[in-house]
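Source file: final_15.pdb; contents: PDB, C-alpha atoms.
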ATOM      1  CA  MET A 162     166.843 120.551 -14.306  1.00  0.00           C
ATOM      2  CA  LYS A 163     168.530 122.749 -16.870  1.00  0.00           C
ATOM      3  CA  ARG A 164     170.751 120.898 -19.313  1.00  0.00           C
ATOM      4  CA  ARG A 165     173.251 123.716 -18.789  1.00  0.00           C
ATOM      5  CA  SER A 166     173.523 122.738 -15.126  1.00  0.00           C
ATOM      6  CA  PHE A 167     174.487 119.216 -16.181  1.00  0.00           C
ATOM      7  CA  VAL A 168     177.404 120.249 -18.361  1.00  0.00           C
ATOM      8  CA  ARG A 169     178.705 123.093 -16.184  1.00  0.00           C
ATOM      9  CA  GLY A 170     182.101 122.103 -14.877  1.00  0.00           C
ATOM     10  CA  SER A 171     182.145 118.770 -16.718  1.00  0.00           C
ATOM     11  CA  ALA A 172     185.413 119.781 -18.374  1.00  0.00           C
ATOM     12  CA  GLY A 173     187.232 119.005 -15.150  1.00  0.00           C
ATOM     13  CA  MET A 174     186.375 115.312 -15.461  1.00  0.00           C
ATOM     14  CA  VAL A 175     188.488 115.006 -18.582  1.00  0.00           C
ATOM     15  CA  ALA A 176     191.040 117.771 -18.153  1.00  0.00           C
ATOM     16  CA  GLY A 177     193.778 115.326 -19.038  1.00  0.00           C
ATOM     17  CA  LEU A 178     192.215 114.434 -22.380  1.00  0.00           C
ATOM     18  CA  GLY A 179     193.190 116.468 -25.405  1.00  0.00           C
ATOM     19  CA  LEU A 180     195.918 118.344 -23.531  1.00  0.00           C
ATOM     20  CA  ALA A 181     198.496 117.631 -26.213  1.00  0.00           C
ATOM     21  CA  GLY A 182     199.201 120.729 -28.257  1.00  0.00           C
ATOM     22  CA  CYS A 183     197.982 123.128 -25.556  1.00  0.00           C
ATOM     23  CA  LEU A 184     201.387 124.062 -24.236  1.00  0.00           C
ATOM     24  CA  GLY A 185     203.366 125.209 -27.249  1.00  0.00           C
ATOM     25  CA  GLY A 186     205.184 124.050 -30.348  1.00  0.00           C
ATOM     26  CA  ASN A 187     205.241 125.216 -33.947  1.00  0.00           C
ATOM     27  CA  ASN A 188     202.073 123.282 -34.793  1.00  0.00           C
ATOM     28  CA  SER A 189     200.094 124.397 -31.754  1.00  0.00           C
ATOM     29  CA  PRO A 190     196.649 125.822 -32.494  1.00  0.00           C
ATOM     30  CA  PRO A 191     196.178 129.550 -31.887  1.00  0.00           C
ATOM     31  CA  PRO A 192     193.918 130.990 -29.202  1.00  0.00           C
ATOM     32  CA  ARG A 193     190.309 130.523 -30.193  1.00  0.00           C
ATOM     33  CA  LYS A 194     188.201 133.393 -31.441  1.00  0.00           C
ATOM     34  CA  ALA A 195     185.338 134.451 -29.214  1.00  0.00           C
ATOM     35  CA  LYS A 196     182.947 137.321 -28.609  1.00  0.00           C
ATOM     36  CA  VAL A 197     182.087 137.447 -24.907  1.00  0.00           C
ATOM     37  CA  PHE A 198     182.813 140.863 -23.359  1.00  0.00           C
ATOM     38  CA  ASP A 199     181.315 144.038 -24.715  1.00  0.00           C
ATOM     39  CA  ASP A 200     183.422 146.036 -22.251  1.00  0.00           C
ATOM     40  CA  VAL A 201     185.221 145.892 -18.906  1.00  0.00           C
ATOM     41  CA  SER A 202     185.956 149.249 -17.277  1.00  0.00           C
ATOM     42  CA  LEU A 203     186.479 151.056 -13.981  1.00  0.00           C
ATOM     43  CA  ASP A 204     184.308 153.787 -12.500  1.00  0.00           C
ATOM     44  CA  GLY A 205     186.308 154.794  -9.462  1.00  0.00           C
ATOM     45  CA  THR A 206     186.799 151.486  -7.674  1.00  0.00           C
ATOM     46  CA  GLN A 207     183.726 149.917  -9.270  1.00  0.00           C
ATOM     47  CA  MET A 208     184.580 147.356 -11.938  1.00  0.00           C
ATOM     48  CA  GLN A 209     181.883 147.391 -14.628  1.00  0.00           C
ATOM     49  CA  ILE A 210     181.469 144.221 -16.713  1.00  0.00           C
ATOM     50  CA  GLN A 211     179.240 144.314 -19.785  1.00  0.00           C
ATOM     51  CA  LEU A 212     178.597 141.002 -21.560  1.00  0.00           C
ATOM     52  CA  GLU A 213     177.865 140.697 -25.258  1.00  0.00           C
ATOM     53  CA  SER A 214     174.246 140.163 -26.192  1.00  0.00           C
ATOM     54  CA  ASP A 215     175.283 137.653 -28.869  1.00  0.00           C
ATOM     55  CA  VAL A 216     178.039 135.427 -27.441  1.00  0.00           C
ATOM     56  CA  GLU A 217     180.015 133.323 -29.919  1.00  0.00           C
ATOM     57  CA  VAL A 218     182.966 130.972 -29.569  1.00  0.00           C
ATOM     58  CA  GLU A 219     185.205 129.156 -32.026  1.00  0.00           C
ATOM     59  CA  SER A 220     185.802 125.435 -31.639  1.00  0.00           C
ATOM     60  CA  ARG A 221     186.957 122.346 -33.457  1.00  0.00           C
ATOM     61  CA  LEU A 222     184.395 119.833 -34.663  1.00  0.00           C
ATOM     62  CA  GLU A 223     185.999 116.477 -33.781  1.00  0.00           C
ATOM     63  CA  ALA A 224     184.476 116.244 -30.310  1.00  0.00           C
ATOM     64  CA  GLN A 225     181.022 117.093 -31.619  1.00  0.00           C
ATOM     65  CA  ASP A 226     181.374 114.420 -34.313  1.00  0.00           C
ATOM     66  CA  ASP A 227     182.127 111.891 -31.577  1.00  0.00           C
ATOM     67  CA  LEU A 228     179.137 113.079 -29.576  1.00  0.00           C
ATOM     68  CA  ASP A 229     176.822 112.760 -32.574  1.00  0.00           C
ATOM     69  CA  ALA A 230     178.126 109.242 -33.131  1.00  0.00           C
ATOM     70  CA  GLY A 231     177.455 108.322 -29.516  1.00  0.00           C
ATOM     71  CA  GLY A 232     181.100 108.066 -28.516  1.00  0.00           C
ATOM     72  CA  ALA A 233     181.732 107.936 -24.770  1.00  0.00           C
ATOM     73  CA  VAL A 234     184.709 110.290 -24.911  1.00  0.00           C
ATOM     74  CA  GLY A 235     182.859 112.756 -27.131  1.00  0.00           C
ATOM     75  CA  ALA A 236     180.040 112.903 -24.635  1.00  0.00           C
ATOM     76  CA  LEU A 237     182.410 114.302 -22.010  1.00  0.00           C
ATOM     77  CA  LEU A 238     185.188 116.087 -23.873  1.00  0.00           C
ATOM     78  CA  PRO A 239     184.564 119.848 -23.868  1.00  0.00           C
ATOM     79  CA  VAL A 240     184.351 121.165 -27.406  1.00  0.00           C
ATOM     80  CA  GLY A 241     186.485 124.111 -26.308  1.00  0.00           C
ATOM     81  CA  ARG A 242     189.473 121.767 -25.764  1.00  0.00           C
ATOM     82  CA  ALA A 243     191.421 121.229 -22.554  1.00  0.00           C
ATOM     83  CA  ARG A 244     192.486 124.252 -20.527  1.00  0.00           C
ATOM     84  CA  ALA A 245     196.166 125.077 -20.500  1.00  0.00           C
ATOM     85  CA  ALA A 246     198.220 124.576 -17.391  1.00  0.00           C
ATOM     86  CA  LYS A 247     198.941 127.223 -14.789  1.00  0.00           C
ATOM     87  CA  GLY A 248     202.313 128.903 -14.763  1.00  0.00           C
ATOM     88  CA  ALA A 249     202.625 130.303 -18.265  1.00  0.00           C
ATOM     89  CA  GLY A 250     205.404 132.789 -17.560  1.00  0.00           C
ATOM     90  CA  ALA A 251     205.325 136.531 -17.045  1.00  0.00           C
ATOM     91  CA  ARG A 252     202.489 138.201 -18.911  1.00  0.00           C
ATOM     92  CA  GLY A 253     202.473 141.471 -17.032  1.00  0.00           C
ATOM     93  CA  ALA A 254     206.026 142.489 -17.879  1.00  0.00           C
ATOM     94  CA  GLY A 255     207.687 142.923 -21.276  1.00  0.00           C
ATOM     95  CA  GLY A 256     205.453 140.336 -22.883  1.00  0.00           C
ATOM     96  CA  TYR A 257     202.573 142.776 -22.940  1.00  0.00           C
ATOM     97  CA  SER A 258     204.239 145.366 -25.141  1.00  0.00           C
ATOM     98  CA  SER A 259     205.195 142.813 -27.797  1.00  0.00           C
ATOM     99  CA  ALA A 260     202.045 140.669 -27.653  1.00  0.00           C
ATOM    100  CA  PRO A 261     199.564 140.965 -30.544  1.00  0.00           C
ATOM    101  CA  LYS A 262     196.488 143.010 -29.701  1.00  0.00           C
ATOM    102  CA  GLY A 263     193.022 141.744 -30.471  1.00  0.00           C
ATOM    103  CA  ARG A 264     189.478 142.863 -29.916  1.00  0.00           C
ATOM    104  CA  HIS A 265     189.204 145.840 -27.516  1.00  0.00           C
ATOM    105  CA  GLY A 266     192.956 146.377 -27.928  1.00  0.00           C
ATOM    106  CA  TRP A 267     193.681 143.703 -25.295  1.00  0.00           C
ATOM    107  CA  ALA A 268     196.849 141.639 -25.610  1.00  0.00           C
ATOM    108  CA  VAL A 269     196.187 138.062 -26.745  1.00  0.00           C
ATOM    109  CA  TRP A 270     197.879 135.257 -24.807  1.00  0.00           C
ATOM    110  CA  HIS A 271     199.671 132.914 -27.251  1.00  0.00           C
ATOM    111  CA  GLY A 272     198.511 135.141 -30.110  1.00  0.00           C
ATOM    112  CA  GLY A 273     200.460 135.693 -33.301  1.00  0.00           C
ATOM    113  CA  SER A 274     200.343 135.717 -37.075  1.00  0.00           C
ATOM    114  CA  TYR A 275     200.894 131.952 -37.144  1.00  0.00           C
ATOM    115  CA  GLY A 276     197.197 131.617 -36.362  1.00  0.00           C
ATOM    116  CA  ASP A 277     196.196 132.625 -39.898  1.00  0.00           C
ATOM    117  CA  ASP A 278     198.239 129.816 -41.443  1.00  0.00           C
ATOM    118  CA  TRP A 279     196.928 127.299 -38.913  1.00  0.00           C
ATOM    119  CA  ARG A 280     193.317 128.254 -39.647  1.00  0.00           C
ATOM    120  CA  ASP A 281     193.953 127.972 -43.392  1.00  0.00           C
ATOM    121  CA  ASP A 282     195.183 124.411 -42.822  1.00  0.00           C
ATOM    122  CA  HIS A 283     192.247 123.488 -40.542  1.00  0.00           C
ATOM    123  CA  ASP A 284     189.431 125.415 -42.136  1.00  0.00           C
ATOM    124  CA  ASP A 285     187.176 122.347 -42.311  1.00  0.00           C
ATOM    125  CA  ASP A 286     187.710 121.489 -38.625  1.00  0.00           C
ATOM    126  CA  ILE A 287     186.657 124.731 -36.928  1.00  0.00           C
ATOM    127  CA  LYS A 288     183.376 126.560 -36.559  1.00  0.00           C
ATOM    128  CA  MET A 289     181.855 129.491 -34.679  1.00  0.00           C
ATOM    129  CA  TYR A 290     179.112 128.428 -32.253  1.00  0.00           C
ATOM    130  CA  ASP A 291     176.417 130.454 -30.557  1.00  0.00           C
ATOM    131  CA  ALA A 292     177.085 130.247 -26.835  1.00  0.00           C
ATOM    132  CA  THR A 293     175.852 131.354 -23.426  1.00  0.00           C
ATOM    133  CA  VAL A 294     177.773 132.390 -20.314  1.00  0.00           C
ATOM    134  CA  ALA A 295     177.065 129.679 -17.744  1.00  0.00           C
ATOM    135  CA  THR A 296     179.274 131.217 -15.059  1.00  0.00           C
ATOM    136  CA  LEU A 297     180.818 134.672 -14.660  1.00  0.00           C
ATOM    137  CA  GLY A 298     183.465 135.186 -11.986  1.00  0.00           C
ATOM    138  CA  VAL A 299     185.711 137.971 -10.706  1.00  0.00           C
ATOM    139  CA  ALA A 300     188.824 137.381  -8.623  1.00  0.00           C
ATOM    140  CA  TYR A 301     191.749 139.274  -7.161  1.00  0.00           C
ATOM    141  CA  LEU A 302     194.892 137.443  -8.360  1.00  0.00           C
ATOM    142  CA  GLY A 303     197.526 139.250  -6.336  1.00  0.00           C
ATOM    143  CA  SER A 304     200.298 141.775  -6.644  1.00  0.00           C
ATOM    144  CA  ASP A 305     202.178 142.561  -9.835  1.00  0.00           C
ATOM    145  CA  ASP A 306     205.157 140.471  -8.679  1.00  0.00           C
ATOM    146  CA  SER A 307     203.087 137.414  -7.803  1.00  0.00           C
ATOM    147  CA  TYR A 308     201.152 137.590 -11.082  1.00  0.00           C
ATOM    148  CA  GLN A 309     204.293 137.866 -13.197  1.00  0.00           C
ATOM    149  CA  ASN A 310     205.832 134.886 -11.417  1.00  0.00           C
ATOM    150  CA  ASP A 311     202.846 132.571 -11.890  1.00  0.00           C
ATOM    151  CA  PRO A 312     199.982 133.887 -14.049  1.00  0.00           C
ATOM    152  CA  PRO A 313     197.123 131.367 -14.345  1.00  0.00           C
ATOM    153  CA  GLY A 314     196.004 129.818 -17.616  1.00  0.00           C
ATOM    154  CA  PRO A 315     192.498 130.397 -18.985  1.00  0.00           C
ATOM    155  CA  GLY A 316     190.734 128.097 -16.534  1.00  0.00           C
ATOM    156  CA  PRO A 317     188.809 128.967 -13.355  1.00  0.00           C
ATOM    157  CA  VAL A 318     190.427 130.349 -10.196  1.00  0.00           C
ATOM    158  CA  SER A 319     189.078 130.915  -6.674  1.00  0.00           C
ATOM    159  CA  TRP A 320     186.368 133.457  -7.438  1.00  0.00           C
ATOM    160  CA  ASP A 321     185.726 136.284  -5.002  1.00  0.00           C
ATOM    161  CA  GLU A 322     182.419 137.076  -6.755  1.00  0.00           C
ATOM    162  CA  LYS A 323     180.466 134.711  -8.981  1.00  0.00           C
ATOM    163  CA  TRP A 324     177.188 134.706 -10.916  1.00  0.00           C
ATOM    164  CA  ASP A 325     175.516 131.666 -12.480  1.00  0.00           C
ATOM    165  CA  ASP A 326     173.590 131.981 -15.739  1.00  0.00           C
ATOM    166  CA  PRO A 327     173.860 135.756 -16.292  1.00  0.00           C
ATOM    167  CA  SER A 328     171.521 137.006 -19.000  1.00  0.00           C
ATOM    168  CA  GLU A 329     172.696 137.871 -22.491  1.00  0.00           C
ATOM    169  CA  GLY A 330     173.949 141.449 -22.566  1.00  0.00           C
ATOM    170  CA  ASP A 331     173.937 141.527 -18.775  1.00  0.00           C
ATOM    171  CA  ALA A 332     175.938 144.156 -16.870  1.00  0.00           C
ATOM    172  CA  LYS A 333     177.566 143.386 -13.519  1.00  0.00           C
ATOM    173  CA  SER A 334     179.383 145.650 -11.094  1.00  0.00           C
ATOM    174  CA  VAL A 335     181.734 144.795  -8.242  1.00  0.00           C
ATOM    175  CA  ASP A 336     183.701 147.073  -5.913  1.00  0.00           C
ATOM    176  CA  LEU A 337     187.416 146.295  -5.833  1.00  0.00           C
ATOM    177  CA  ALA A 338     187.392 146.863  -2.086  1.00  0.00           C
ATOM    178  CA  ALA A 339     184.979 143.943  -1.691  1.00  0.00           C
ATOM    179  CA  ILE A 340     187.298 141.420  -3.321  1.00  0.00           C
ATOM    180  CA  SER A 341     190.836 142.668  -2.623  1.00  0.00           C
ATOM    181  CA  PRO A 342     192.406 141.660   0.718  1.00  0.00           C
ATOM    182  CA  GLY A 343     192.401 145.152   2.260  1.00  0.00           C
ATOM    183  CA  SER A 344     191.714 148.819   1.657  1.00  0.00           C
ATOM    184  CA  ASP A 345     195.326 149.461   0.681  1.00  0.00           C
ATOM    185  CA  THR A 346     195.671 146.536  -1.721  1.00  0.00           C
ATOM    186  CA  ARG A 347     193.212 147.366  -4.474  1.00  0.00           C
ATOM    187  CA  GLU A 348     196.170 147.704  -6.786  1.00  0.00           C
ATOM    188  CA  GLY A 349     197.241 144.455  -8.446  1.00  0.00           C
ATOM    189  CA  TRP A 350     195.869 141.923 -10.895  1.00  0.00           C
ATOM    190  CA  TYR A 351     192.241 140.901 -11.320  1.00  0.00           C
ATOM    191  CA  ARG A 352     190.527 138.283 -13.462  1.00  0.00           C
ATOM    192  CA  VAL A 353     187.090 138.286 -15.070  1.00  0.00           C
ATOM    193  CA  GLY A 354     186.392 134.696 -16.141  1.00  0.00           C
ATOM    194  CA  THR A 355     183.587 133.071 -18.106  1.00  0.00           C
ATOM    195  CA  GLU A 356     182.482 129.473 -18.527  1.00  0.00           C
ATOM    196  CA  LEU A 357     180.795 129.073 -21.902  1.00  0.00           C
ATOM    197  CA  VAL A 358     178.241 126.491 -22.983  1.00  0.00           C
ATOM    198  CA  ALA A 359     176.129 125.978 -26.087  1.00  0.00           C
ATOM    199  CA  ASP A 360     172.816 127.822 -26.100  1.00  0.00           C
ATOM    200  CA  ASP A 361     170.933 124.580 -25.499  1.00  0.00           C
ATOM    201  CA  GLY A 362     173.395 123.526 -22.794  1.00  0.00           C
ATOM    202  CA  SER A 363     174.465 120.394 -24.675  1.00  0.00           C
ATOM    203  CA  ARG A 364     178.152 121.352 -25.057  1.00  0.00           C
ATOM    204  CA  ASN A 365     180.692 122.831 -22.682  1.00  0.00           C
ATOM    205  CA  PHE A 366     183.220 125.186 -24.268  1.00  0.00           C
ATOM    206  CA  ASP A 367     185.234 125.530 -21.050  1.00  0.00           C
ATOM    207  CA  TRP A 368     186.619 128.757 -19.588  1.00  0.00           C
ATOM    208  CA  GLN A 369     188.320 131.877 -20.853  1.00  0.00           C
ATOM    209  CA  ALA A 370     189.250 135.041 -19.069  1.00  0.00           C
ATOM    210  CA  ALA A 371     190.316 138.656 -19.197  1.00  0.00           C
ATOM    211  CA  ASP A 372     193.124 139.691 -16.820  1.00  0.00           C
ATOM    212  CA  PHE A 373     193.770 143.306 -15.844  1.00  0.00           C
ATOM    213  CA  GLU A 374     196.263 145.191 -13.746  1.00  0.00           C
ATOM    214  CA  VAL A 375     194.669 147.897 -11.599  1.00  0.00           C
ATOM    215  CA  ASP A 376     196.808 150.853 -10.550  1.00  0.00           C
ATOM    216  CA  ASN A 377     196.253 154.239  -8.987  1.00  0.00           C
ATOM    217  CA  ASP A 378     197.642 157.251 -10.813  1.00  0.00           C
ATOM    218  CA  VAL A 379     197.428 160.398  -8.656  1.00  0.00           C
ATOM    219  CA  GLY A 380     194.141 159.345  -7.093  1.00  0.00           C
ATOM    220  CA  ARG A 381     192.636 157.895 -10.277  1.00  0.00           C
ATOM    221  CA  TRP A 382     192.056 154.155 -10.601  1.00  0.00           C
ATOM    222  CA  ASN A 383     192.949 152.663 -13.983  1.00  0.00           C
ATOM    223  CA  LEU A 384     192.901 149.346 -15.805  1.00  0.00           C
ATOM    224  CA  ASP A 385     196.257 148.576 -17.406  1.00  0.00           C
ATOM    225  CA  LYS A 386     197.945 145.754 -19.350  1.00  0.00           C
ATOM    226  CA  GLU A 387     194.711 144.060 -20.326  1.00  0.00           C
ATOM    227  CA  TRP A 388     195.094 140.423 -21.436  1.00  0.00           C
ATOM    228  CA  HIS A 389     192.618 138.173 -23.190  1.00  0.00           C
ATOM    229  CA  VAL A 390     193.458 134.691 -21.882  1.00  0.00           C
ATOM    230  CA  LYS A 391     191.793 132.052 -24.051  1.00  0.00           C
ATOM    231  CA  PRO A 392     192.418 128.342 -24.593  1.00  0.00           C
ATOM    232  CA  ARG A 393     193.777 127.189 -27.913  1.00  0.00           C
ATOM    233  CA  VAL A 394     191.061 126.339 -30.409  1.00  0.00           C
TER     234      VAL A 394
END

Rewrite the structure from the file as structure tokens, please.
Amino acid sequence: MKRRSFVRGSAGMVAGLGLAGCLGGNNSPPPRKAKVFDDVSLDGTQMQIQLESDVEVESRLEAQDDLDAGGAVGALLPVGRARAAKGAGARGAGGYSSAPKGRHGWAVWHGGSYGDDWRDDHDDDIKMYDATVATLGVAYLGSDDSYQNDPPGPGPVSWDEKWDDPSEGDAKSVDLAAISPGSDTREGWYRVGTELVADDGSRNFDWQAADFEVDNDVGRWNLDKEWHVKPRV
């Protein structure tokens, strides 16, 4: 049995642990740095997902220290920290225009310049890890109104399409018509989510996602208001 299979989804067992600091406050950690998606694009109604060939993710070291010491909590606590709760307020509306933009030009959920100061203060506690995508999922999240009212946090949702253990640099394609509720409802919000684990499968870095609004402009399908939705480091 692959070690990766053992840790996949283990974050759910301790979702309540380490939640403090995930939901705001002046001292809250910033969204973690990560390199997962090379590109996400549309070709007609085909969503094209290209993964990075060298996936990396930022994490704190405390949980790994516990694991190395044989601590029971450290053995379960995902190094990527607990996922934030659902219902984070409207991301698709005015928040997009004012949100800081990161890699690919996507808006960064909970992003901001405060992250530089926080990283300066915690430089010894964080590290970039080589990682692997254990699970890749795509889901239709709903209309613009429903998404703005209750956008999900970075964790998993009910996936309409899912792949386990995609290869590094892998490319996947899914037709919007196959995952939206009907031929006239391809417009709306979609999520591409990834569960990340260490290369050797010994650590679970939890989930992060990219959310996109799909609209049709005079017969042309477009991705709009792209968000990178990551847990706090």

Set the distance at 9 Å and use only C-alpha atoms: which residues neighbour Pro327 in chain A once local chain neighbours fewer than 3 positions away are removed? I'd like the list as a short mmCIF file (atom, residue, chain, number, x, y, z; two decimals) with C-alpha atoms, in the frame of the given file.
data_model
loop_
_atom_site.label_atom_id
_atom_site.label_comp_id
_atom_site.auth_asym_id
_atom_site.auth_seq_id
_atom_site.Cartn_x
_atom_site.Cartn_y
_atom_site.Cartn_z
CA LEU A 212 178.60 141.00 -21.56
CA THR A 293 175.85 131.35 -23.43
CA VAL A 294 177.77 132.39 -20.31
CA ALA A 295 177.06 129.68 -17.74
CA THR A 296 179.27 131.22 -15.06
CA LEU A 297 180.82 134.67 -14.66
CA TRP A 324 177.19 134.71 -10.92
CA GLY A 330 173.95 141.45 -22.57
CA ASP A 331 173.94 141.53 -18.77
CA ALA A 332 175.94 144.16 -16.87
CA LYS A 333 177.57 143.39 -13.52
#

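Of the residues under consideration (A:Glu348, A:Glu217, A:Glu322, A:Asp376), A:Glu322 shows the shortest atom-to-atom contact distance to Val299 in chain A when counting all atoms listed in the file.
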
(message) I'd like the neighbourhood of Phe373 in chain A as a list in words, where a residue qualifies if any of its atoms comes within 6 Å (using all atoms listed in the file), though same-chain residues fewer than 5 positions away should be ignored.
(response)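 Residues meeting the cut-off are Trp350, Tyr351, Lys386 and Glu387 of chain A.
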
Can you spit out the residues from that selection as a short mmCIF file (atom, residue, chain, number, x, y, z; two decimals), keeping the file's coordinate frame, using C-alpha atoms?
data_model
loop_
_atom_site.label_atom_id
_atom_site.label_comp_id
_atom_site.auth_asym_id
_atom_site.auth_seq_id
_atom_site.Cartn_x
_atom_site.Cartn_y
_atom_site.Cartn_z
CA TRP A 350 195.87 141.92 -10.90
CA TYR A 351 192.24 140.90 -11.32
CA LYS A 386 197.94 145.75 -19.35
CA GLU A 387 194.71 144.06 -20.33
#

(request) Tell me, in Å to one decimal, how far CA of His389 in chain A is from CA of Asp200 in chain A. (result)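 Taking CA of His389 in chain A and CA of Asp200 in chain A, their separation equals 12.1 Å.
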
(request) Could you list the residues chosen by the PyMOL selection byres ((chain A and resi 255-262) around 10) in this structure as a PyMOL selection string? (result) chain A and resi 250-254+263-274+386-389

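For the choices A:Tyr290, A:Trp382, A:Tyr275, A:Trp368, the atom-to-atom distance to Gly314 in chain A is smallest for A:Trp368 when using all atoms listed in the file.
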
(request) List the neighbours of Asp284 in chain A out to 12 Å using only C-alpha atoms; skip same-chain residues closer than 3 positions along the sequence, and give me the result as a PyMOL selection string. (result) chain A and resi 219-222+276-281+287-289+394

Okay, now the selection with C-alpha atoms, as a tab-separated table (two decimals), in the frame of the given file?
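So again17.tsv came out as:
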chain	number	residue	atom	x	y	z
A	219	GLU	CA	185.20	129.16	-32.03
A	220	SER	CA	185.80	125.44	-31.64
A	221	ARG	CA	186.96	122.35	-33.46
A	222	LEU	CA	184.40	119.83	-34.66
A	276	GLY	CA	197.20	131.62	-36.36
A	277	ASP	CA	196.20	132.62	-39.90
A	278	ASP	CA	198.24	129.82	-41.44
A	279	TRP	CA	196.93	127.30	-38.91
A	280	ARG	CA	193.32	128.25	-39.65
A	281	ASP	CA	193.95	127.97	-43.39
A	287	ILE	CA	186.66	124.73	-36.93
A	288	LYS	CA	183.38	126.56	-36.56
A	289	MET	CA	181.86	129.49	-34.68
A	394	VAL	CA	191.06	126.34	-30.41

(request) Would you write out, as a PyMOL selection string, every residue that the PyMOL selection byres ((chain A and resi 339) around 10) captures in this file? (result) chain A and resi 206-207+301+321-322+335-338+340-344+347

(request) Using the chain letters and numbering of this document, enumerate as a ChimeraX atom specification the residues selected by the PyMOL selection byres ((chain A and resi 304) around 9). (result) /A:301-303,305-309,346,348-350,374

(request) Name the residues within 7 Å of (182.7, 126.9, -26.9), counting all atoms listed in the file in the file's coordinates, and put them as number ranges by chain. (result) A: 218-220, 240-241, 290, 292, 357-359, 365-367

(message) Report, in Å with one decimal, the straight-line distance from CA of Ser214 in chain A to CA of Ser328 in chain A.
(response)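 Between CA of Ser214 in chain A and CA of Ser328 in chain A the gap is 8.3 Å.
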
(message) So the first atom is CA of Lys391 in chain A and the second is CA of Asp378 in chain A; what is the distance between them in Å, to one decimal place?
(response)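 Distance reported for this atom pair: 29.1 Å.
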
Give me the residues near Ser334 in chain A as a PDB file with C-alpha atoms, keeping the file's coordinate frame, where near means some atom within 9 Å (using all atoms listed in the file) and where sequence neighbours in that chain fewer than 6 positions away do not count.
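This is the output file part34.pdb:
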ATOM      1  CA  GLN A 207     183.726 149.917  -9.270  1.00  0.00           C
ATOM      2  CA  MET A 208     184.580 147.356 -11.938  1.00  0.00           C
ATOM      3  CA  GLN A 209     181.883 147.391 -14.628  1.00  0.00           C
ATOM      4  CA  ILE A 210     181.469 144.221 -16.713  1.00  0.00           C
ATOM      5  CA  GLN A 211     179.240 144.314 -19.785  1.00  0.00           C
TER       6      GLN A 211
END
